[in-house]
Number of protein chains: 2
Amino acid sequence: MNQLIEHIRKFIEVDDSESEIIASYFERESFKKKSLLLEEGQICDIQYFVLKGCLRLYIVNDKGTEQTLQFAIENWWITDYMSQQTQNPTSFYIQTVENSEVLSIDKNSMDDLLARLPKMERYFRLILQKSYAASQMRIMYLYTQSAEERYRHFNRLQAEFVQRIPQYMLASYLDFSAEFMSKIRAGKV
Amino acid sequence: MNQLIEHIRKFIEVDDSESEIIASYFERESFKKKSLLLEEGQICDIQYFVLKGCLRLYIVNDKGTEQTLQFAIENWWITDYMSQQTQNPTSFYIQTVENSEVLSIDKNSMDDLLARLPKMERYFRLILQKSYAASQMRIMYLYTQSAEERYRHFNRLQAEFVQRIPQYMLASYLDFSAEFMSKIRAGKV
């Protein structure tokens with residue numbers, strides 16, 4: 001729990017009694033590698049903060065292939081915001097990539113926490129602003145970079161992370177062609 | 001200004017004296033069609049709320065071609081959040097697609113407004129949550145839909161909007177191939 005409080009304190013001031021209030025809204029959970037936390041068709045009610053490990057958000061496309069859209073490692077939040085907001089069934093899956101520990105909070109608890117401690121609005125506003133900024137850049141890279149450029153760029157920014165995840169997940173995340181994957185496998189990149 | 005206050009009131013309660021405070025932080029500006037509000041290399045300091053008209057965010061790629069990444073019509077916010085946060089030069093251009101009226105607020109004024117009226121944190125948190133949810137879906141569609149599916153989908157959701165914007169901007173936004181564009185032009189879609 002301290003890990004979340006430390007993270008919050010990077011953005012807003014929180015005293016010890018407020019920390020206790022915040023903690024009371026979260027549940028700590030451990031999941032083995034490859035556990036499914038959300039499946040297509042469910043209503044996404046829960047938001048996860050990763051304490052340890054790695055989660056990913058993916059879809060299964062028309063051809064039955066998994067397509068990873070997002071990863072979340074330590075100190076990242078992950079959820080399907082659209083399903084959570086609209087209460088419509090999700091198109092996504094959320095799965096642990098490694099054995100993972102998370103803090104989870106459901107929508108009602110989140111609403112209660114924000115009503116009780118309005119200063120947390122600022123924390124989440126800042127988190128969402130960072131996330132949205134990153135997704136604006138992500139969309140730019142999807143439009144403008146070749147697979148090779150995306151790989152180089154991601155490798156430079158996230159070298160340690162690239163080592164942690166299976167190559168086929170990275171390939172789908174960066175939208176590599178089969179051709180480019182064999183180039184990587186052959187060490188030609 | 002009332003238009004922004006009405007928009008804010010869809011999300012949070014704001015009384016008349018608070019409305020006046022909010023209004024005092026914004027500047028109303030009119031721009032002719034095709035005015036450049038932000039250029040690559042500048043630090044993006046300003047956030048725009050569209051009262052009337054349409055703005056777009058685009059990049060110029062290596063081949064010198066404009067690639068539209070985002071549109072903003074009435075009651076939408078637009079800015080380069082990454083440049084605004086990091087104070088690094090932007091990769092983007094923001095331009096009016098039509099004659100437009102906007103409310104603009106710079107970063108310092110935004111910080112002051114949020115300090116003076118912390119309840120505005122909730123408004124922007126909710127706006128950013130909607131924007132981020134939409135970008136999660138957008139990334140999914142970019143990965144999974146063909147140009148034809150994207151066109152049909154966008155046309156269904158935004159029929160009126162599709163009529164408003166030049167076809168070449170829509171084409172770059174939805175990442176159409178030249179081949180698919182000629183199909184549309186020939187009325188074959």
# chains A, B, ... in the order shown; residues from 1 in each chain; ligands from 1
>>> interface_residues(of="chain A", to="chain B", cutoff="6 Å", atoms="only C-alpha atoms", output="MDAnalysis selection string")
chainID A and resid 81:82 121:122 125 132:133
>>> residues_around(residues="A:Lys183", least_positions_apart="4", cutoff="12 Å", atoms="only C-alpha atoms", output="list in words")
Ala147, Glu148, Tyr151, Ala171, Phe176, Ser177, Ala178, Glu179, Gly187, Lys188 and Val189 of chain A
>>> write_last_selection(atoms="all heavy atoms", output="PDB file, in the first residue's frame")
ATOM      1  N   ALA A 147       7.835  -0.197 -38.625  1.00  0.00           N
ATOM      2  CA  ALA A 147       8.002  -1.184 -37.559  1.00  0.00           C
ATOM      3  C   ALA A 147       9.410  -1.079 -36.957  1.00  0.00           C
ATOM      4  O   ALA A 147       9.587  -1.125 -35.741  1.00  0.00           O
ATOM      5  CB  ALA A 147       7.750  -2.582 -38.102  1.00  0.00           C
ATOM      6  N   GLU A 148      10.391  -0.931 -37.824  1.00  0.00           N
ATOM      7  CA  GLU A 148      11.778  -0.866 -37.373  1.00  0.00           C
ATOM      8  C   GLU A 148      12.017   0.368 -36.498  1.00  0.00           C
ATOM      9  O   GLU A 148      12.648   0.283 -35.440  1.00  0.00           O
ATOM     10  CB  GLU A 148      12.708  -0.843 -38.596  1.00  0.00           C
ATOM     11  CG  GLU A 148      14.165  -0.959 -38.228  1.00  0.00           C
ATOM     12  CD  GLU A 148      15.027  -1.462 -39.383  1.00  0.00           C
ATOM     13  OE1 GLU A 148      14.483  -2.043 -40.348  1.00  0.00           O
ATOM     14  OE2 GLU A 148      16.254  -1.278 -39.301  1.00  0.00           O
ATOM     15  N   TYR A 151      10.371  -0.135 -33.122  1.00  0.00           N
ATOM     16  CA  TYR A 151      11.143  -1.062 -32.303  1.00  0.00           C
ATOM     17  C   TYR A 151      12.347  -0.361 -31.688  1.00  0.00           C
ATOM     18  O   TYR A 151      12.608  -0.455 -30.490  1.00  0.00           O
ATOM     19  CB  TYR A 151      11.586  -2.246 -33.160  1.00  0.00           C
ATOM     20  CG  TYR A 151      12.378  -3.297 -32.416  1.00  0.00           C
ATOM     21  CD1 TYR A 151      11.762  -4.087 -31.442  1.00  0.00           C
ATOM     22  CD2 TYR A 151      13.725  -3.497 -32.686  1.00  0.00           C
ATOM     23  CE1 TYR A 151      12.487  -5.055 -30.757  1.00  0.00           C
ATOM     24  CE2 TYR A 151      14.454  -4.465 -32.004  1.00  0.00           C
ATOM     25  CZ  TYR A 151      13.828  -5.236 -31.044  1.00  0.00           C
ATOM     26  OH  TYR A 151      14.534  -6.185 -30.361  1.00  0.00           O
ATOM     27  N   ALA A 171       5.653  -7.743 -30.402  1.00  0.00           N
ATOM     28  CA  ALA A 171       5.416  -7.661 -31.849  1.00  0.00           C
ATOM     29  C   ALA A 171       4.011  -7.167 -32.133  1.00  0.00           C
ATOM     30  O   ALA A 171       3.803  -6.312 -32.995  1.00  0.00           O
ATOM     31  CB  ALA A 171       5.633  -9.029 -32.484  1.00  0.00           C
ATOM     32  N   PHE A 176       4.228  -5.296 -35.617  1.00  0.00           N
ATOM     33  CA  PHE A 176       5.248  -5.784 -36.545  1.00  0.00           C
ATOM     34  C   PHE A 176       4.625  -6.717 -37.571  1.00  0.00           C
ATOM     35  O   PHE A 176       3.712  -7.473 -37.261  1.00  0.00           O
ATOM     36  CB  PHE A 176       6.308  -6.608 -35.798  1.00  0.00           C
ATOM     37  CG  PHE A 176       7.186  -5.790 -34.907  1.00  0.00           C
ATOM     38  CD1 PHE A 176       8.048  -6.438 -34.028  1.00  0.00           C
ATOM     39  CD2 PHE A 176       7.167  -4.418 -34.953  1.00  0.00           C
ATOM     40  CE1 PHE A 176       8.870  -5.703 -33.194  1.00  0.00           C
ATOM     41  CE2 PHE A 176       7.989  -3.676 -34.108  1.00  0.00           C
ATOM     42  CZ  PHE A 176       8.838  -4.329 -33.233  1.00  0.00           C
ATOM     43  N   SER A 177       5.165  -6.725 -38.753  1.00  0.00           N
ATOM     44  CA  SER A 177       4.816  -7.735 -39.744  1.00  0.00           C
ATOM     45  C   SER A 177       5.586  -9.012 -39.418  1.00  0.00           C
ATOM     46  O   SER A 177       6.586  -8.990 -38.698  1.00  0.00           O
ATOM     47  CB  SER A 177       5.213  -7.258 -41.139  1.00  0.00           C
ATOM     48  OG  SER A 177       6.614  -7.059 -41.169  1.00  0.00           O
ATOM     49  N   ALA A 178       5.118 -10.137 -39.968  1.00  0.00           N
ATOM     50  CA  ALA A 178       5.802 -11.422 -39.789  1.00  0.00           C
ATOM     51  C   ALA A 178       7.230 -11.303 -40.332  1.00  0.00           C
ATOM     52  O   ALA A 178       8.184 -11.817 -39.759  1.00  0.00           O
ATOM     53  CB  ALA A 178       5.042 -12.526 -40.506  1.00  0.00           C
ATOM     54  N   GLU A 179       7.346 -10.567 -41.425  1.00  0.00           N
ATOM     55  CA  GLU A 179       8.641 -10.357 -42.075  1.00  0.00           C
ATOM     56  C   GLU A 179       9.635  -9.662 -41.130  1.00  0.00           C
ATOM     57  O   GLU A 179      10.778 -10.086 -40.979  1.00  0.00           O
ATOM     58  CB  GLU A 179       8.396  -9.467 -43.301  1.00  0.00           C
ATOM     59  CG  GLU A 179       9.522  -9.425 -44.305  1.00  0.00           C
ATOM     60  CD  GLU A 179       9.275  -8.283 -45.297  1.00  0.00           C
ATOM     61  OE1 GLU A 179       8.113  -7.810 -45.410  1.00  0.00           O
ATOM     62  OE2 GLU A 179      10.252  -7.852 -45.924  1.00  0.00           O
ATOM     63  N   GLY A 187      18.380 -11.682 -35.810  1.00  0.00           N
ATOM     64  CA  GLY A 187      19.385 -10.729 -35.331  1.00  0.00           C
ATOM     65  C   GLY A 187      19.786  -9.718 -36.381  1.00  0.00           C
ATOM     66  O   GLY A 187      20.864  -9.134 -36.332  1.00  0.00           O
ATOM     67  N   LYS A 188      18.916  -9.523 -37.354  1.00  0.00           N
ATOM     68  CA  LYS A 188      19.265  -8.601 -38.453  1.00  0.00           C
ATOM     69  C   LYS A 188      18.797  -7.165 -38.196  1.00  0.00           C
ATOM     70  O   LYS A 188      18.816  -6.335 -39.093  1.00  0.00           O
ATOM     71  CB  LYS A 188      18.669  -9.115 -39.770  1.00  0.00           C
ATOM     72  CG  LYS A 188      19.379 -10.350 -40.300  1.00  0.00           C
ATOM     73  CD  LYS A 188      18.796 -10.804 -41.622  1.00  0.00           C
ATOM     74  CE  LYS A 188      19.413 -12.138 -42.056  1.00  0.00           C
ATOM     75  NZ  LYS A 188      18.561 -12.842 -43.012  1.00  0.00           N
ATOM     76  N   VAL A 189      18.320  -6.893 -36.970  1.00  0.00           N
ATOM     77  CA  VAL A 189      17.858  -5.523 -36.685  1.00  0.00           C
ATOM     78  C   VAL A 189      18.727  -4.921 -35.583  1.00  0.00           C
ATOM     79  O   VAL A 189      18.966  -5.571 -34.580  1.00  0.00           O
ATOM     80  CB  VAL A 189      16.377  -5.513 -36.251  1.00  0.00           C
ATOM     81  CG1 VAL A 189      15.959  -4.094 -35.878  1.00  0.00           C
ATOM     82  CG2 VAL A 189      15.510  -6.039 -37.360  1.00  0.00           C
TER      83      VAL A 189
END
>>> atom_distance(atom1="atom CA of B:Lys52", atom2="atom CA of B:Glu29")
10.6 Å
>>> atom_distance(atom1="atom CA of A:Leu38", atom2="atom CA of A:Glu74")
18.9 Å
>>> residues_around(residues="stretch 158-160 of chain B", least_positions_apart="6", cutoff="12 Å", atoms="only C-alpha atoms", output="list in words")
Phe71, Ile73, Arg150, Tyr151, Arg152 and Leu170 of chain B
>>> select_by_dssp(residues="stretch 52-93 of chain B", states="strand (DSSP E)", output="PyMOL selection string")
chain B and resi 52+55-60+66-72+77-78+93
>>> atom_distance(atom1="atom CA of B:Thr86", atom2="atom CA of B:Gln42")
12.3 Å
>>> residues_around(residues="A:Leu103", least_positions_apart="6", cutoff="8 Å", atoms="only C-alpha atoms", output="mmCIF file with N, CA and C atoms, in the first residue's frame")
data_model
loop_
_atom_site.group_PDB
_atom_site.id
_atom_site.type_symbol
_atom_site.label_atom_id
_atom_site.label_comp_id
_atom_site.auth_asym_id
_atom_site.auth_seq_id
_atom_site.Cartn_x
_atom_site.Cartn_y
_atom_site.Cartn_z
ATOM 1 N N MET A 1 0.818 -1.208 0.000
ATOM 2 C CA MET A 1 0.000 0.000 0.000
ATOM 3 C C MET A 1 0.860 1.270 0.000
ATOM 4 N N PHE A 26 -8.869 0.240 -1.143
ATOM 5 C CA PHE A 26 -8.197 -0.665 -2.080
ATOM 6 C C PHE A 26 -8.075 -2.077 -1.525
ATOM 7 N N GLU A 27 -7.996 -3.014 -2.451
ATOM 8 C CA GLU A 27 -7.786 -4.398 -2.079
ATOM 9 C C GLU A 27 -6.481 -4.862 -2.723
ATOM 10 N N ARG A 28 -5.652 -5.538 -1.936
ATOM 11 C CA ARG A 28 -4.404 -6.036 -2.504
ATOM 12 C C ARG A 28 -4.626 -7.456 -3.013
ATOM 13 N N GLU A 29 -4.229 -7.730 -4.238
ATOM 14 C CA GLU A 29 -4.444 -9.063 -4.806
ATOM 15 C C GLU A 29 -3.174 -9.555 -5.508
ATOM 16 N N TYR A 48 -6.844 -1.113 -11.889
ATOM 17 C CA TYR A 48 -5.709 -1.746 -11.213
ATOM 18 C C TYR A 48 -4.508 -0.812 -11.146
ATOM 19 N N PHE A 49 -3.851 -0.835 -10.000
ATOM 20 C CA PHE A 49 -2.556 -0.169 -9.832
ATOM 21 C C PHE A 49 -1.530 -1.278 -9.608
ATOM 22 N N VAL A 50 -0.513 -1.334 -10.464
ATOM 23 C CA VAL A 50 0.437 -2.448 -10.415
ATOM 24 C C VAL A 50 1.522 -2.192 -9.371
ATOM 25 N N LEU A 51 1.601 -3.070 -8.370
ATOM 26 C CA LEU A 51 2.650 -2.988 -7.342
ATOM 27 C C LEU A 51 3.898 -3.719 -7.806
#
>>> select_by_dssp(residues="chain A", states="helix (DSSP H, G or I)", output="number ranges by chain")
A: 2-9, 16-24, 81-86, 107-116, 119-144, 147-157, 159-164, 167-173, 178-185
>>> residues_around(residues="B:Glu98", least_positions_apart="5", cutoff="9 Å", atoms="only C-alpha atoms", output="VMD selection string")
chain B and resid 31 to 35 52 to 55 164 to 165
>>> closest_residue(among="A:Gln163, A:Ser24, A:Gln95, A:Asn155", to="A:Glu66", atoms="only C-alpha atoms")
A:Gln95
